[in-house]
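**Q** Coordinates in model_20.pdb, PDB, C-alpha atoms, pLDDT in the B column, are listed below.
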MODEL        1
ATOM      1  CA  MET V   1     -52.853  23.411  70.614  1.00 83.00           C
ATOM      2  CA  GLY V   2     -51.677  19.879  71.362  1.00 88.00           C
ATOM      3  CA  THR V   3     -48.944  20.115  68.743  1.00 93.00           C
ATOM      4  CA  VAL V   4     -48.242  23.830  68.395  1.00 95.00           C
ATOM      5  CA  LEU V   5     -47.512  24.558  72.065  1.00 93.00           C
ATOM      6  CA  PRO V   6     -45.027  21.687  72.507  1.00 94.00           C
ATOM      7  CA  LEU V   7     -43.261  22.700  69.274  1.00 96.00           C
ATOM      8  CA  LEU V   8     -43.109  26.290  70.506  1.00 96.00           C
ATOM      9  CA  LEU V   9     -41.715  25.114  73.853  1.00 92.00           C
ATOM     10  CA  PHE V  10     -39.068  23.078  72.027  1.00 94.00           C
ATOM     11  CA  ALA V  11     -38.136  26.027  69.791  1.00 96.00           C
ATOM     12  CA  LEU V  12     -37.832  28.382  72.775  1.00 95.00           C
ATOM     13  CA  HIS V  13     -35.833  25.831  74.748  1.00 92.00           C
ATOM     14  CA  ARG V  14     -33.491  25.272  71.819  1.00 95.00           C
ATOM     15  CA  ALA V  15     -33.020  28.999  71.173  1.00 96.00           C
ATOM     16  CA  SER V  16     -32.244  29.679  74.833  1.00 95.00           C
ATOM     17  CA  HIS V  17     -29.346  27.166  74.843  1.00 90.00           C
ATOM     18  CA  VAL V  18     -30.474  25.839  78.222  1.00 85.00           C
ATOM     19  CA  PRO V  19     -29.251  22.275  78.875  1.00 85.00           C
ATOM     20  CA  GLY V  20     -31.716  19.421  78.501  1.00 87.00           C
ATOM     21  CA  VAL V  21     -33.285  20.499  75.213  1.00 91.00           C
ATOM     22  CA  TYR V  22     -33.696  16.807  74.380  1.00 92.00           C
ATOM     23  CA  LEU V  23     -36.500  16.618  76.968  1.00 91.00           C
ATOM     24  CA  SER V  24     -38.618  19.246  75.216  1.00 92.00           C
ATOM     25  CA  ARG V  25     -37.683  17.683  71.867  1.00 94.00           C
ATOM     26  CA  PHE V  26     -38.930  14.290  73.078  1.00 94.00           C
ATOM     27  CA  PHE V  27     -42.128  15.845  74.433  1.00 93.00           C
ATOM     28  CA  ALA V  28     -42.830  17.708  71.183  1.00 95.00           C
ATOM     29  CA  GLY V  29     -42.272  14.510  69.198  1.00 96.00           C
ATOM     30  CA  PHE V  30     -44.548  12.582  71.535  1.00 95.00           C
ATOM     31  CA  CYS V  31     -47.321  15.173  71.168  1.00 95.00           C
ATOM     32  CA  LEU V  32     -47.001  15.191  67.378  1.00 97.00           C
ATOM     33  CA  ILE V  33     -47.227  11.405  67.192  1.00 97.00           C
ATOM     34  CA  THR V  34     -50.092  10.956  69.635  1.00 95.00           C
ATOM     35  CA  ASN V  35     -52.178  13.802  68.234  1.00 94.00           C
ATOM     36  CA  GLY V  36     -51.447  12.652  64.693  1.00 95.00           C
ATOM     37  CA  VAL V  37     -52.663   9.138  65.476  1.00 93.00           C
ATOM     38  CA  TYR V  38     -55.702  10.381  67.404  1.00 90.00           C
ATOM     39  CA  ILE V  39     -56.872  12.939  64.844  1.00 92.00           C
ATOM     40  CA  GLY V  40     -55.621  10.977  61.849  1.00 90.00           C
ATOM     41  CA  ALA V  41     -57.716   7.990  62.900  1.00 87.00           C
ATOM     42  CA  GLY V  42     -60.754  10.168  62.262  1.00 85.00           C
ATOM     43  CA  TRP V  43     -60.596   9.493  58.506  1.00 84.00           C
ATOM     44  CA  SER V  44     -62.348   6.182  59.241  1.00 82.00           C
ATOM     45  CA  GLU V  45     -65.966   6.359  60.335  1.00 80.00           C
ATOM     46  CA  HIS V  46     -65.549   3.290  62.576  1.00 77.00           C
ATOM     47  CA  LEU V  47     -62.469   4.693  64.308  1.00 77.00           C
ATOM     48  CA  ARG V  48     -64.070   8.117  64.613  1.00 72.00           C
ATOM     49  CA  GLU V  49     -66.962   6.682  66.574  1.00 75.00           C
ATOM     50  CA  ALA V  50     -64.849   4.251  68.607  1.00 78.00           C
ATOM     51  CA  ILE V  51     -61.777   6.218  69.708  1.00 75.00           C
ATOM     52  CA  ALA V  52     -61.464   9.609  68.044  1.00 71.00           C
ATOM     53  CA  ALA V  53     -64.201  11.719  69.616  1.00 80.00           C
ATOM     54  CA  ASP V  54     -62.509  15.003  68.672  1.00 85.00           C
ATOM     55  CA  ALA V  55     -62.324  13.875  65.061  1.00 86.00           C
ATOM     56  CA  LEU V  56     -66.044  13.094  65.192  1.00 85.00           C
ATOM     57  CA  VAL V  57     -66.760  16.644  66.317  1.00 88.00           C
ATOM     58  CA  MET V  58     -64.471  18.028  63.624  1.00 90.00           C
ATOM     59  CA  VAL V  59     -66.293  16.088  60.900  1.00 88.00           C
ATOM     60  CA  MET V  60     -69.674  17.117  62.336  1.00 89.00           C
ATOM     61  CA  HIS V  61     -68.545  20.742  61.988  1.00 93.00           C
ATOM     62  CA  GLY V  62     -67.555  20.304  58.345  1.00 92.00           C
ATOM     63  CA  SER V  63     -63.970  19.032  58.233  1.00 91.00           C
ATOM     64  CA  PRO V  64     -63.538  16.563  55.381  1.00 93.00           C
ATOM     65  CA  PRO V  65     -62.184  13.216  56.636  1.00 90.00           C
ATOM     66  CA  PHE V  66     -59.211  13.364  54.240  1.00 93.00           C
ATOM     67  CA  THR V  67     -57.915  16.454  56.090  1.00 94.00           C
ATOM     68  CA  LEU V  68     -57.786  14.423  59.298  1.00 93.00           C
ATOM     69  CA  ALA V  69     -55.745  11.744  57.529  1.00 94.00           C
ATOM     70  CA  LEU V  70     -53.518  14.462  56.065  1.00 96.00           C
ATOM     71  CA  PHE V  71     -52.925  15.886  59.544  1.00 96.00           C
ATOM     72  CA  GLY V  72     -51.781  12.479  60.753  1.00 95.00           C
ATOM     73  CA  ALA V  73     -49.660  11.947  57.640  1.00 97.00           C
ATOM     74  CA  VAL V  74     -47.768  15.170  58.403  1.00 97.00           C
ATOM     75  CA  THR V  75     -47.495  15.105  62.196  1.00 97.00           C
ATOM     76  CA  ILE V  76     -46.580  11.433  62.766  1.00 97.00           C
ATOM     77  CA  PRO V  77     -43.438  11.475  60.577  1.00 98.00           C
ATOM     78  CA  LEU V  78     -42.463  14.879  62.002  1.00 97.00           C
ATOM     79  CA  GLY V  79     -42.735  13.476  65.531  1.00 97.00           C
ATOM     80  CA  LEU V  80     -40.645  10.456  64.576  1.00 97.00           C
ATOM     81  CA  LEU V  81     -38.091  12.812  63.031  1.00 97.00           C
ATOM     82  CA  LEU V  82     -37.830  14.690  66.328  1.00 96.00           C
ATOM     83  CA  TRP V  83     -37.278  11.381  68.136  1.00 95.00           C
ATOM     84  CA  HIS V  84     -34.568  10.263  65.707  1.00 95.00           C
ATOM     85  CA  ARG V  85     -31.201   9.679  67.440  1.00 88.00           C
ATOM     86  CA  GLN V  86     -32.518  10.787  70.832  1.00 90.00           C
ATOM     87  CA  GLY V  87     -32.121   7.399  72.533  1.00 87.00           C
ATOM     88  CA  VAL V  88     -28.610   8.185  73.735  1.00 85.00           C
ATOM     89  CA  HIS V  89     -30.042  10.876  76.031  1.00 84.00           C
ATOM     90  CA  PHE V  90     -32.327   8.289  77.620  1.00 81.00           C
ATOM     91  CA  GLY V  91     -29.639   5.709  78.376  1.00 80.00           C
ATOM     92  CA  LEU V  92     -29.780   3.752  75.131  1.00 82.00           C
ATOM     93  CA  GLY V  93     -26.838   2.943  72.848  1.00 79.00           C
ATOM     94  CA  HIS V  94     -23.340   3.662  74.085  1.00 80.00           C
ATOM     95  CA  ARG V  95     -24.663   5.292  77.285  1.00 72.00           C
ATOM     96  CA  GLN V  96     -25.599   1.775  78.473  1.00 79.00           C
ATOM     97  CA  GLY V  97     -28.452   2.764  80.759  1.00 74.00           C
ATOM     98  CA  VAL V  98     -26.934   5.948  82.206  1.00 80.00           C
ATOM     99  CA  VAL V  99     -29.354   8.873  82.353  1.00 80.00           C
ATOM    100  CA  GLN V 100     -28.554  12.339  83.712  1.00 81.00           C
ATOM    101  CA  SER V 101     -29.941  12.714  87.227  1.00 85.00           C
ATOM    102  CA  SER V 102     -31.049  16.264  86.432  1.00 83.00           C
ATOM    103  CA  ALA V 103     -33.222  14.921  83.595  1.00 82.00           C
ATOM    104  CA  VAL V 104     -34.873  12.510  86.017  1.00 84.00           C
ATOM    105  CA  MET V 105     -35.542  15.311  88.518  1.00 87.00           C
ATOM    106  CA  VAL V 106     -36.932  17.709  85.895  1.00 84.00           C
ATOM    107  CA  SER V 107     -39.137  15.000  84.396  1.00 85.00           C
ATOM    108  CA  GLY V 108     -40.418  13.972  87.835  1.00 88.00           C
ATOM    109  CA  CYS V 109     -41.225  17.555  88.812  1.00 87.00           C
ATOM    110  CA  LEU V 110     -43.002  18.210  85.516  1.00 85.00           C
ATOM    111  CA  PHE V 111     -45.012  15.019  85.932  1.00 87.00           C
ATOM    112  CA  LEU V 112     -46.066  16.000  89.460  1.00 93.00           C
ATOM    113  CA  GLY V 113     -46.968  19.474  88.205  1.00 87.00           C
ATOM    114  CA  VAL V 114     -49.196  18.038  85.481  1.00 85.00           C
ATOM    115  CA  VAL V 115     -50.885  15.675  87.965  1.00 91.00           C
ATOM    116  CA  LEU V 116     -51.523  18.531  90.411  1.00 92.00           C
ATOM    117  CA  LEU V 117     -52.833  20.785  87.652  1.00 89.00           C
ATOM    118  CA  GLU V 118     -55.160  18.015  86.468  1.00 88.00           C
ATOM    119  CA  LEU V 119     -56.429  17.493  90.024  1.00 91.00           C
ATOM    120  CA  VAL V 120     -57.153  21.195  90.449  1.00 90.00           C
ATOM    121  CA  VAL V 121     -58.547  21.939  86.978  1.00 89.00           C
ATOM    122  CA  GLY V 122     -60.204  18.541  86.489  1.00 78.00           C
ATOM    123  CA  SER V 123     -62.156  18.807  89.727  1.00 69.00           C
ATOM    124  CA  ARG V 124     -64.087  21.881  88.565  1.00 66.00           C
TER     125      ARG V 124
ENDMDL
END
What does the file become when written as structure tokens?
**A**
Amino acid sequence: MGTVLPLLLFALHRASHVPGVYLSRFFAGFCLITNGVYIGAGWSEHLREAIAADALVMVMHGSPPFTLALFGAVTIPLGLLLWHRQGVHFGLGHRQGVVQSSAVMVSGCLFLGVVLLELVVGSR
């Protein structure tokens, strides 16, 4: 879910030709990288017990540790590929620190929405 939904969001955003697709592309790349590191770290017993609790549960339910490493080996490079050449949209390179104000507003609103959702759902 942590990688499929962001990729689906990116694909829908891209197909709709709505401006700002780089934001959903960045988010999908971020989710691929973070989930790949988190689950991929589960190949190691020490890392599984220390930081990768979901990987521990997966191994307890029968997933071979090499499949966790394989997941990371696929998702991390894919996430980096999605990030490739995206810096210009975030004020890097020839943009020299200029970021679209609409991107800042959308990102801020999404962040507040996630925080509010976490407060409501997390309090149950």
**Q** Do a neighbour search on Gly29 of chain V at 12 Å with all atoms listed in the file, toss out local chain neighbours closer than 4 positions, and write the hits as a list in words.
**A**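 Here the qualifying residues turn out to be Gly2, Thr3, Val4, Leu5, Pro6, Leu7, Leu8, Leu9, Phe10, Tyr22, Leu23, Ser24, Arg25, Ile33, Thr34, Asn35, Gly36, Thr75, Ile76, Pro77, Leu78, Gly79, Leu80, Leu81, Leu82, Trp83, His84 and Gln86 of chain V.
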**Q** List as a PyMOL selection string the protein and nucleic acid residues near Leu56 of chain V, meaning an atom at most 10 Å away when all atoms listed in the file are counted, but skip any in the same chain fewer than 4 places from it.
**A** chain V and resi 39+42-45+47-52+60-61+63+65
**Q** To one decimal in Å, tell me the separation between atom CA of Val59 of chain V and atom CA of Ala41 of chain V.
**A**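 Taking atom CA of Val59 of chain V as the start and atom CA of Ala41 of chain V as the end point, the length is 12.0 Å.
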**Q** Between atom CA of Met105 of chain V and atom CA of Gly20 of chain V, measure the distance and give it in Å to one decimal.
**A**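 Between atom CA of Met105 of chain V and atom CA of Gly20 of chain V the gap is 11.5 Å.
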**Q** Between atom CA of Gly40 of chain V and atom CA of Ala55 of chain V, what is the distance in Å, rounded to a tenth?
**A** 8.0 Å
**Q** Would you mind putting N, CA, C and O atoms back on segment 60-73 of chain V and writing the result as a short mmCIF file (atom, residue, chain, number, x, y, z; two decimals), keeping the file's coordinate frame?
**A**
data_model
loop_
_atom_site.label_atom_id
_atom_site.label_comp_id
_atom_site.auth_asym_id
_atom_site.auth_seq_id
_atom_site.Cartn_x
_atom_site.Cartn_y
_atom_site.Cartn_z
N MET V 60 -68.32 16.59 62.17
CA MET V 60 -69.67 17.12 62.34
C MET V 60 -69.72 18.61 62.03
O MET V 60 -70.75 19.13 61.60
N HIS V 61 -68.60 19.31 62.25
CA HIS V 61 -68.54 20.74 61.99
C HIS V 61 -68.02 21.07 60.59
O HIS V 61 -67.73 22.22 60.29
N GLY V 62 -67.87 20.04 59.74
CA GLY V 62 -67.56 20.30 58.34
C GLY V 62 -66.17 19.94 57.85
O GLY V 62 -65.86 20.17 56.68
N SER V 63 -65.31 19.42 58.71
CA SER V 63 -63.97 19.03 58.23
C SER V 63 -64.07 17.76 57.39
O SER V 63 -64.63 16.77 57.84
N PRO V 64 -63.54 17.78 56.19
CA PRO V 64 -63.54 16.56 55.38
C PRO V 64 -62.61 15.51 56.01
O PRO V 64 -61.53 15.86 56.50
N PRO V 65 -63.01 14.26 56.02
CA PRO V 65 -62.18 13.22 56.64
C PRO V 65 -60.76 13.13 56.07
O PRO V 65 -59.83 12.81 56.81
N PHE V 66 -60.57 13.45 54.79
CA PHE V 66 -59.21 13.36 54.24
C PHE V 66 -58.26 14.36 54.90
O PHE V 66 -57.06 14.12 54.99
N THR V 67 -58.79 15.49 55.42
CA THR V 67 -57.92 16.45 56.09
C THR V 67 -57.41 15.90 57.42
O THR V 67 -56.31 16.22 57.84
N LEU V 68 -58.23 15.05 58.05
CA LEU V 68 -57.79 14.42 59.30
C LEU V 68 -56.65 13.44 59.01
O LEU V 68 -55.65 13.39 59.74
N ALA V 69 -56.81 12.67 57.94
CA ALA V 69 -55.74 11.74 57.53
C ALA V 69 -54.49 12.51 57.13
O ALA V 69 -53.37 12.10 57.47
N LEU V 70 -54.65 13.64 56.47
CA LEU V 70 -53.52 14.46 56.06
C LEU V 70 -52.78 15.01 57.29
O LEU V 70 -51.55 15.04 57.32
N PHE V 71 -53.53 15.41 58.30
CA PHE V 71 -52.92 15.89 59.54
C PHE V 71 -52.04 14.79 60.15
O PHE V 71 -50.89 15.05 60.53
N GLY V 72 -52.57 13.59 60.23
CA GLY V 72 -51.78 12.48 60.75
C GLY V 72 -50.58 12.16 59.88
O GLY V 72 -49.49 11.86 60.39
N ALA V 73 -50.75 12.25 58.57
CA ALA V 73 -49.66 11.95 57.64
C ALA V 73 -48.52 12.96 57.74
O ALA V 73 -47.38 12.65 57.39
#
